[in-house]
$ cat my_file03.txt   # compact mmCIF, C-alpha atoms
# COMPACT_ATOMS: atom_id res chain seq x y z
CA ALA A 7 190.38 -8.71 130.02
CA GLN A 8 188.71 -8.02 126.73
CA LYS A 9 186.70 -10.75 125.10
CA ILE A 10 184.39 -11.24 122.15
CA THR A 11 181.83 -14.06 122.15
CA GLN A 12 180.01 -15.39 119.12
CA THR A 13 177.76 -18.24 120.19
CA GLN A 14 176.52 -19.36 116.77
CA PRO A 15 179.09 -21.57 115.04
CA GLY A 16 176.83 -21.87 111.98
CA MET A 17 173.67 -20.26 110.66
CA PHE A 18 171.39 -20.94 107.70
CA VAL A 19 169.18 -18.34 106.06
CA GLN A 20 166.90 -18.42 103.05
CA GLU A 21 167.84 -16.13 100.19
CA LYS A 22 166.13 -12.71 100.43
CA GLU A 23 165.41 -13.10 104.15
CA ALA A 24 167.07 -11.16 106.98
CA VAL A 25 169.46 -12.76 109.44
CA THR A 26 170.98 -11.68 112.76
CA LEU A 27 174.44 -12.78 113.82
CA ASP A 28 175.05 -12.49 117.55
CA CYS A 29 178.04 -10.89 119.25
CA THR A 30 178.60 -10.06 122.88
CA TYR A 31 181.68 -8.42 124.29
CA ASP A 32 183.39 -7.78 127.57
CA THR A 33 185.61 -4.82 128.34
CA SER A 34 186.29 -2.47 131.21
CA ASP A 35 187.19 0.37 128.86
CA GLN A 36 184.82 3.31 128.54
CA SER A 37 185.87 3.99 124.97
CA TYR A 38 185.98 1.09 122.56
CA GLY A 39 185.18 0.16 119.00
CA LEU A 40 183.35 -2.82 117.56
CA PHE A 41 183.78 -4.18 114.05
CA TRP A 42 182.29 -6.83 111.82
CA TYR A 43 184.29 -8.55 109.11
CA LYS A 44 183.27 -11.03 106.42
CA GLN A 45 185.67 -13.76 105.31
CA PRO A 46 184.68 -15.71 102.18
CA SER A 47 186.33 -19.03 101.45
CA SER A 48 188.96 -17.16 99.43
CA GLY A 49 190.41 -15.91 102.71
CA GLU A 50 190.27 -12.13 102.48
CA MET A 51 188.85 -10.33 105.51
CA ILE A 52 186.35 -7.72 104.30
CA PHE A 53 185.46 -4.83 106.61
CA LEU A 54 181.68 -4.44 106.88
CA ILE A 55 180.70 -2.04 109.63
CA TYR A 56 181.94 -0.16 112.69
CA GLN A 57 180.27 0.99 115.92
CA GLY A 58 181.93 3.28 118.41
CA SER A 59 181.03 3.00 122.06
CA TYR A 60 179.91 6.63 122.18
CA ASP A 61 177.88 6.48 118.97
CA GLU A 62 174.26 7.09 119.88
CA GLN A 63 172.83 5.67 116.70
CA ASN A 64 173.22 2.15 115.37
CA ALA A 65 175.62 1.94 112.46
CA THR A 66 174.29 1.06 109.02
CA GLU A 67 176.07 0.30 105.76
CA GLY A 68 173.82 -0.71 102.91
CA ARG A 69 172.26 -4.07 103.77
CA TYR A 70 174.29 -4.30 106.98
CA SER A 71 173.21 -2.79 110.27
CA LEU A 72 174.62 -3.17 113.73
CA ASN A 73 172.17 -3.58 116.62
CA PHE A 74 174.19 -2.01 119.43
CA GLN A 75 172.88 -2.52 122.95
CA LYS A 76 175.49 -1.04 125.22
CA ALA A 77 173.94 -2.02 128.55
CA ARG A 78 173.76 -5.63 127.40
CA LYS A 79 177.20 -5.43 125.80
CA SER A 80 175.92 -6.80 122.54
CA ALA A 81 176.67 -5.78 118.96
CA ASN A 82 174.65 -8.01 116.68
CA LEU A 83 174.99 -7.80 112.90
CA VAL A 84 171.79 -7.74 110.88
CA ILE A 85 171.97 -8.58 107.19
CA SER A 86 168.82 -7.71 105.28
CA ALA A 87 167.71 -9.36 102.04
CA SER A 88 170.35 -12.11 102.13
CA GLN A 89 172.12 -12.98 98.90
CA LEU A 90 173.97 -16.14 97.90
CA GLY A 91 177.19 -14.14 97.96
CA ASP A 92 176.69 -13.49 101.67
CA SER A 93 177.68 -17.08 102.41
CA ALA A 94 180.91 -16.70 104.39
CA MET A 95 182.45 -16.65 107.84
CA TYR A 96 181.59 -13.54 109.84
CA PHE A 97 183.81 -12.25 112.63
CA CYS A 98 182.92 -9.75 115.30
CA ALA A 99 185.95 -7.88 116.61
CA MET A 100 186.87 -5.26 119.17
CA ARG A 101 189.74 -2.84 119.30
CA GLY A 102 192.25 -4.48 121.58
CA ALA A 103 194.09 -3.59 124.71
CA TYR A 104 196.83 -1.67 122.93
CA GLY A 105 194.20 0.81 121.87
CA GLY A 106 194.96 4.01 120.10
CA SER A 107 195.57 4.33 116.43
CA GLN A 108 197.77 1.27 116.33
CA GLY A 109 195.36 -0.93 118.16
CA ASN A 110 195.11 -4.60 117.46
CA LEU A 111 191.81 -6.35 116.90
CA ILE A 112 190.44 -9.06 119.16
CA PHE A 113 188.23 -11.43 117.18
CA GLY A 114 185.39 -13.72 118.17
CA LYS A 115 185.44 -17.32 116.96
CA GLY A 116 183.21 -16.48 114.04
CA THR A 117 179.85 -17.56 112.64
CA LYS A 118 179.62 -19.43 109.36
CA LEU A 119 176.61 -18.18 107.43
CA SER A 120 175.13 -20.26 104.64
CA VAL A 121 172.50 -18.72 102.36
CA LYS A 122 170.12 -21.22 100.77
CA PRO A 123 168.58 -20.54 97.35
CA ASP B 2 191.14 2.61 96.80
CA THR B 3 190.98 0.32 99.83
CA GLU B 4 193.28 -2.35 98.45
CA VAL B 5 195.98 -4.19 100.29
CA THR B 6 197.95 -6.59 98.11
CA GLN B 7 199.91 -9.63 99.24
CA THR B 8 202.33 -11.87 97.38
CA PRO B 9 202.57 -14.72 96.88
CA LYS B 10 199.05 -16.10 97.17
CA HIS B 11 200.33 -19.58 97.91
CA LEU B 12 203.69 -20.73 99.21
CA VAL B 13 205.05 -24.19 99.89
CA MET B 14 208.39 -24.33 101.64
CA GLY B 15 210.60 -26.83 103.35
CA MET B 16 211.73 -26.47 106.93
CA THR B 17 215.22 -25.39 105.86
CA ASN B 18 214.09 -22.80 103.32
CA LYS B 19 214.17 -19.03 103.60
CA LYS B 20 211.27 -17.16 102.04
CA SER B 21 209.54 -13.80 102.36
CA LEU B 22 205.93 -12.67 102.30
CA LYS B 23 205.21 -9.23 100.92
CA CYS B 24 202.42 -6.77 101.59
CA GLU B 25 201.74 -3.40 99.99
CA GLN B 26 199.20 -0.63 100.46
CA HIS B 27 198.82 2.80 98.86
CA MET B 28 196.14 4.27 101.08
CA GLY B 29 198.52 6.41 103.09
CA HIS B 30 198.00 4.24 106.14
CA ARG B 31 200.70 4.50 108.77
CA ALA B 32 199.94 1.33 110.72
CA MET B 33 200.48 -2.14 109.25
CA TYR B 34 199.84 -5.54 110.75
CA TRP B 35 200.64 -9.22 110.32
CA TYR B 36 198.10 -11.80 111.47
CA LYS B 37 198.27 -15.58 111.44
CA GLN B 38 195.10 -17.57 110.90
CA LYS B 39 194.78 -21.32 111.32
CA ALA B 40 191.91 -23.17 109.67
CA LYS B 41 188.50 -22.49 111.26
CA LYS B 42 190.03 -20.10 113.80
CA PRO B 43 190.02 -16.30 114.05
CA PRO B 44 193.13 -14.32 113.07
CA GLU B 45 195.80 -13.87 115.71
CA LEU B 46 197.95 -10.76 115.81
CA MET B 47 201.67 -11.26 115.23
CA PHE B 48 203.21 -7.81 114.67
CA VAL B 49 202.22 -4.17 114.40
CA TYR B 50 204.24 -1.44 112.71
CA SER B 51 203.36 2.15 113.40
CA TYR B 52 205.09 4.86 111.36
CA GLU B 53 207.51 2.21 110.10
CA LYS B 54 208.60 1.22 113.59
CA LEU B 55 207.81 -2.10 115.19
CA SER B 56 205.44 -1.27 118.03
CA ILE B 57 203.91 -4.62 118.93
CA ASN B 58 205.42 -8.12 118.82
CA GLU B 59 203.05 -10.70 120.19
CA SER B 60 205.80 -13.04 121.43
CA VAL B 61 206.28 -14.47 117.97
CA PRO B 62 209.14 -16.99 117.51
CA SER B 63 212.29 -15.53 115.97
CA ARG B 64 211.91 -17.70 112.87
CA PHE B 65 209.42 -14.98 111.82
CA SER B 66 211.14 -11.67 111.15
CA PRO B 67 209.11 -8.63 110.09
CA GLU B 68 210.45 -5.69 108.15
CA CYS B 69 208.90 -2.38 107.11
CA PRO B 70 211.12 -0.82 104.40
CA ASN B 71 208.79 2.16 103.93
CA SER B 72 205.29 3.33 104.77
CA SER B 73 203.74 1.31 101.93
CA LEU B 74 205.53 -1.99 102.29
CA LEU B 75 205.60 -4.71 104.90
CA ASN B 76 207.58 -7.94 104.66
CA LEU B 77 207.61 -11.09 106.73
CA HIS B 78 210.82 -13.09 106.44
CA LEU B 79 210.53 -16.78 107.15
CA HIS B 80 213.35 -19.12 108.13
CA ALA B 81 213.47 -22.63 109.58
CA LEU B 82 209.72 -22.88 109.93
CA GLN B 83 207.90 -25.82 111.43
CA PRO B 84 204.92 -27.70 109.93
CA GLU B 85 202.68 -26.15 112.60
CA ASP B 86 203.44 -22.74 111.07
CA SER B 87 201.30 -23.70 108.09
CA ALA B 88 198.46 -21.17 108.04
CA LEU B 89 196.94 -18.21 106.24
CA TYR B 90 199.04 -15.10 106.82
CA LEU B 91 197.07 -11.89 106.58
CA CYS B 92 198.43 -8.39 106.24
CA ALA B 93 196.33 -5.38 107.20
CA SER B 94 196.70 -1.62 107.36
CA SER B 95 194.91 1.28 109.03
CA HIS B 96 195.20 5.01 109.56
CA GLY B 97 197.81 5.66 112.20
CA ASN B 98 197.19 9.20 113.23
CA THR B 99 193.49 9.99 113.30
CA GLU B 100 190.71 9.54 115.77
CA GLY B 101 187.80 7.48 114.73
CA SER B 102 187.24 3.95 113.72
CA TYR B 103 190.56 3.44 111.87
CA GLU B 104 189.25 0.12 110.68
CA GLN B 105 191.82 -2.30 109.39
CA TYR B 106 191.83 -3.24 105.73
CA PHE B 107 193.09 -6.71 105.00
CA GLY B 108 194.87 -8.22 102.04
CA PRO B 109 193.84 -11.55 100.47
CA GLY B 110 196.42 -13.45 102.47
CA THR B 111 199.21 -15.89 101.72
CA ARG B 112 198.44 -19.58 102.26
CA LEU B 113 201.64 -21.05 103.61
CA THR B 114 202.37 -24.76 103.75
CA VAL B 115 205.52 -25.97 105.49
CA THR B 116 206.62 -29.46 104.51
$ encode --input "my_file03.txt" --output "structure tokens"
Amino acid sequence: AQKITQTQPGMFVQEKEAVTLDCTYDTSDQSYGLFWYKQPSSGEMIFLIYQGSYDEQNATEGRYSLNFQKARKSANLVISASQLGDSAMYFCAMRGAYGGSQGNLIFGKGTKLSVKP
Amino acid sequence: DTEVTQTPKHLVMGMTNKKSLKCEQHMGHRAMYWYKQKAKKPPELMFVYSYEKLSINESVPSRFSPECPNSSLLNLHLHALQPEDSALYLCASSHGNTEGSYEQYFGPGTRLTVT
């Protein structure tokens, strides 16, 4: 069975500092995709970054980078230079069992990040 | 343009009402999704439409009825809901026919309250 685990219910970070949000996953598939989404209090899920299982390099998107360690089955999100607007819930997700181009997403329980001024 | 729109933003309905949630995207995506999200929980998949055909139904009660009139629109018809159906309903879309990440883009959601 596929599973995503986020062990940090809540995190605090000082503005302008970097923060790492943990994510581990479990799957027996050889090909899979990992995603991070941000959900502010307004409710919208905002796509941040994607890592494919065969990608040799860690994904980066602006201030977001994904620390992908395949052997450890971890896909941690690193946010550099935190901003007050980064305060939100962050979900790690994996392409689900249906796979393919119509695949569902399996989400972790999320980590609530609070950025302190 | 990576925008998915949803209407209404908020909806309060009684248990005997019939209402519909609407979702629209103009990104040429061929897969569209409905998720249900309870407070402080991750989203849970309800339905998937691929090329305007229902491809996945996650054992959702029949009081929820999805409809995909065309490749840009997705509706969720609601009838005889229960108070426990109160939640944030999220619509998403993704490319349906390409390899790659085909990440899902979400709308802002409809906050539904059943009284």
$ closest_residue --input "my_file03.txt" --among "B:Lys37, B:His11, B:Arg31, B:Lys42" --to "B:Leu55" --atoms "only C-alpha atoms"
B:Arg31
$ interface_residues --input "my_file03.txt" --of "chain A" --to "chain B" --cutoff "12 Å" --atoms "all atoms listed in the file" --output "NGL selection string"
:A and (10-12 or 15-16 or 37-61 or 65 or 94-118)
$ atom_distance --input "my_file03.txt" --atom1 "atom CA of A:Ala24" --atom2 "atom CA of A:Asn82"
12.7 Å
$ atom_distance --input "my_file03.txt" --atom1 "atom CA of B:Lys23" --atom2 "atom CA of B:Pro84"
20.6 Å
$ atom_distance --input "my_file03.txt" --atom1 "atom CA of B:Leu82" --atom2 "atom CA of B:Leu22"
13.3 Å
$ closest_residue --input "my_file03.txt" --among "B:His27, B:Lys39, B:His80, B:Lys20" --to "B:Arg64" --atoms "only C-alpha atoms"
B:His80
$ closest_residue --input "my_file03.txt" --among "A:Asn64, A:Gln36, A:Ser88, A:Thr30" --to "A:Thr13" --atoms "only C-alpha atoms"
A:Thr30
$ closest_residue --input "my_file03.txt" --among "A:Asp35, A:Asp28, A:Asp92, A:Glu62" --to "A:Pro123" --atoms "all atoms listed in the file"
A:Asp92
$ residues_around --input "my_file03.txt" --residues "B:Pro67" --least-positions-apart "4" --cutoff "7 Å" --atoms "only C-alpha atoms" --output "list of chain:residue names"
B:Asn76, B:Leu77, B:His78
$ closest_residue --input "my_file03.txt" --among "A:Asn73, A:Ser93, A:Ser86, A:Ser34" --to "A:Phe18" --atoms "only C-alpha atoms"
A:Ser93
$ residues_around --input "my_file03.txt" --residues "A:Ser71" --least-positions-apart "3" --cutoff "7 Å" --atoms "all atoms listed in the file" --output "PyMOL selection string"
chain A and resi 65-67+83-85
$ write_last_selection --input "my_file03.txt" --atoms "C-alpha atoms" --output "mmCIF file, in the frame of the given file"
data_model
loop_
_atom_site.group_PDB
_atom_site.id
_atom_site.type_symbol
_atom_site.label_atom_id
_atom_site.label_comp_id
_atom_site.auth_asym_id
_atom_site.auth_seq_id
_atom_site.Cartn_x
_atom_site.Cartn_y
_atom_site.Cartn_z
ATOM 1 C CA ALA A 65 175.620 1.940 112.460
ATOM 2 C CA THR A 66 174.290 1.060 109.020
ATOM 3 C CA GLU A 67 176.070 0.300 105.760
ATOM 4 C CA LEU A 83 174.990 -7.800 112.900
ATOM 5 C CA VAL A 84 171.790 -7.740 110.880
ATOM 6 C CA ILE A 85 171.970 -8.580 107.190
#
$ closest_residue --input "my_file03.txt" --among "B:Pro62, B:Pro70, B:Gly29, B:Gly15" --to "B:Thr114" --atoms "only C-alpha atoms"
B:Gly15
$ decode --input "my_file03.txt" --residues "stretch 66-77 of chain A" --atoms "all heavy atoms" --output "JSON list (two decimals), in the first residue's frame"
[["chain", "number", "residue", "atom", "x", "y", "z"],
["A", 66, "THR", "N", 14.12, 21.99, -7.83],
["A", 66, "THR", "CA", 14.14, 23.31, -7.21],
["A", 66, "THR", "C", 13.16, 24.22, -7.96],
["A", 66, "THR", "O", 13.01, 24.12, -9.18],
["A", 66, "THR", "CB", 15.55, 23.96, -7.25],
["A", 66, "THR", "OG1", 15.94, 24.08, -8.63],
["A", 66, "THR", "CG2", 16.56, 23.12, -6.51],
["A", 67, "GLU", "N", 12.50, 25.08, -7.20],
["A", 67, "GLU", "CA", 11.60, 26.08, -7.76],
["A", 67, "GLU", "C", 11.70, 27.32, -6.90],
["A", 67, "GLU", "O", 11.08, 27.43, -5.86],
["A", 67, "GLU", "CB", 10.14, 25.57, -7.75],
["A", 67, "GLU", "CG", 9.81, 24.50, -8.73],
["A", 67, "GLU", "CD", 9.72, 24.99, -10.17],
["A", 67, "GLU", "OE1", 9.70, 26.22, -10.38],
["A", 67, "GLU", "OE2", 9.69, 24.13, -11.07],
["A", 68, "GLY", "N", 12.52, 28.27, -7.33],
["A", 68, "GLY", "CA", 12.67, 29.49, -6.57],
["A", 68, "GLY", "C", 13.24, 29.22, -5.19],
["A", 68, "GLY", "O", 14.30, 28.63, -5.04],
["A", 69, "ARG", "N", 12.50, 29.60, -4.15],
["A", 69, "ARG", "CA", 12.95, 29.39, -2.77],
["A", 69, "ARG", "C", 12.67, 27.98, -2.27],
["A", 69, "ARG", "O", 13.01, 27.64, -1.13],
["A", 69, "ARG", "CB", 12.27, 30.42, -1.85],
["A", 69, "ARG", "CG", 12.68, 31.85, -2.09],
["A", 69, "ARG", "CD", 12.10, 32.80, -1.04],
["A", 69, "ARG", "NE", 10.65, 32.80, -1.01],
["A", 69, "ARG", "CZ", 9.93, 32.30, -0.02],
["A", 69, "ARG", "NH1", 10.51, 31.74, 1.04],
["A", 69, "ARG", "NH2", 8.60, 32.34, -0.07],
["A", 70, "TYR", "N", 12.01, 27.17, -3.09],
["A", 70, "TYR", "CA", 11.67, 25.81, -2.68],
["A", 70, "TYR", "C", 12.63, 24.81, -3.32],
["A", 70, "TYR", "O", 12.94, 24.91, -4.50],
["A", 70, "TYR", "CB", 10.25, 25.45, -3.11],
["A", 70, "TYR", "CG", 9.19, 26.40, -2.60],
["A", 70, "TYR", "CD1", 8.56, 27.29, -3.47],
["A", 70, "TYR", "CD2", 8.81, 26.41, -1.27],
["A", 70, "TYR", "CE1", 7.59, 28.17, -3.02],
["A", 70, "TYR", "CE2", 7.84, 27.29, -0.80],
["A", 70, "TYR", "CZ", 7.24, 28.16, -1.68],
["A", 70, "TYR", "OH", 6.27, 29.02, -1.22],
["A", 71, "SER", "N", 13.09, 23.88, -2.54],
["A", 71, "SER", "CA", 13.87, 22.76, -3.07],
["A", 71, "SER", "C", 13.42, 21.49, -2.38],
["A", 71, "SER", "O", 12.92, 21.51, -1.26],
["A", 71, "SER", "CB", 15.37, 22.99, -2.89],
["A", 71, "SER", "OG", 15.68, 23.11, -1.52],
["A", 72, "LEU", "N", 13.56, 20.41, -3.09],
["A", 72, "LEU", "CA", 13.13, 19.12, -2.57],
["A", 72, "LEU", "C", 14.38, 18.27, -2.35],
["A", 72, "LEU", "O", 15.11, 18.00, -3.30],
["A", 72, "LEU", "CB", 12.16, 18.46, -3.55],
["A", 72, "LEU", "CG", 11.26, 17.36, -2.99],
["A", 72, "LEU", "CD1", 9.95, 17.28, -3.77],
["A", 72, "LEU", "CD2", 11.96, 16.02, -3.02],
["A", 73, "ASN", "N", 14.61, 17.85, -1.13],
["A", 73, "ASN", "CA", 15.75, 17.00, -0.79],
["A", 73, "ASN", "C", 15.30, 15.55, -0.91],
["A", 73, "ASN", "O", 14.69, 14.98, -0.01],
["A", 73, "ASN", "CB", 16.22, 17.31, 0.63],
["A", 73, "ASN", "CG", 17.47, 16.52, 1.00],
["A", 73, "ASN", "OD1", 17.98, 15.73, 0.21],
["A", 73, "ASN", "ND2", 17.96, 16.75, 2.20],
["A", 74, "PHE", "N", 15.58, 14.97, -2.07],
["A", 74, "PHE", "CA", 15.09, 13.63, -2.41],
["A", 74, "PHE", "C", 16.17, 12.60, -2.10],
["A", 74, "PHE", "O", 17.25, 12.63, -2.68],
["A", 74, "PHE", "CB", 14.73, 13.59, -3.90],
["A", 74, "PHE", "CG", 14.17, 12.28, -4.38],
["A", 74, "PHE", "CD1", 13.17, 11.62, -3.69],
["A", 74, "PHE", "CD2", 14.63, 11.70, -5.56],
["A", 74, "PHE", "CE1", 12.64, 10.42, -4.14],
["A", 74, "PHE", "CE2", 14.11, 10.50, -6.03],
["A", 74, "PHE", "CZ", 13.11, 9.87, -5.33],
["A", 75, "GLN", "N", 15.85, 11.70, -1.16],
["A", 75, "GLN", "CA", 16.76, 10.62, -0.83],
["A", 75, "GLN", "C", 16.02, 9.31, -1.05],
["A", 75, "GLN", "O", 15.28, 8.83, -0.18],
["A", 75, "GLN", "CB", 17.25, 10.76, 0.62],
["A", 75, "GLN", "CG", 18.04, 12.04, 0.84],
["A", 75, "GLN", "CD", 18.69, 12.10, 2.21],
["A", 75, "GLN", "OE1", 19.19, 11.10, 2.73],
["A", 75, "GLN", "NE2", 18.67, 13.26, 2.82],
["A", 76, "LYS", "N", 16.24, 8.76, -2.23],
["A", 76, "LYS", "CA", 15.44, 7.63, -2.69],
["A", 76, "LYS", "C", 15.62, 6.40, -1.80],
["A", 76, "LYS", "O", 14.66, 5.71, -1.49],
["A", 76, "LYS", "CB", 15.81, 7.30, -4.14],
["A", 76, "LYS", "CG", 14.84, 6.40, -4.85],
["A", 76, "LYS", "CD", 15.19, 6.35, -6.33],
["A", 76, "LYS", "CE", 14.21, 5.48, -7.08],
["A", 76, "LYS", "NZ", 14.49, 5.49, -8.54],
["A", 77, "ALA", "N", 16.86, 6.11, -1.41],
["A", 77, "ALA", "CA", 17.11, 4.92, -0.61],
["A", 77, "ALA", "C", 16.42, 5.02, 0.75],
["A", 77, "ALA", "O", 15.98, 4.01, 1.31],
["A", 77, "ALA", "CB", 18.61, 4.72, -0.43]]
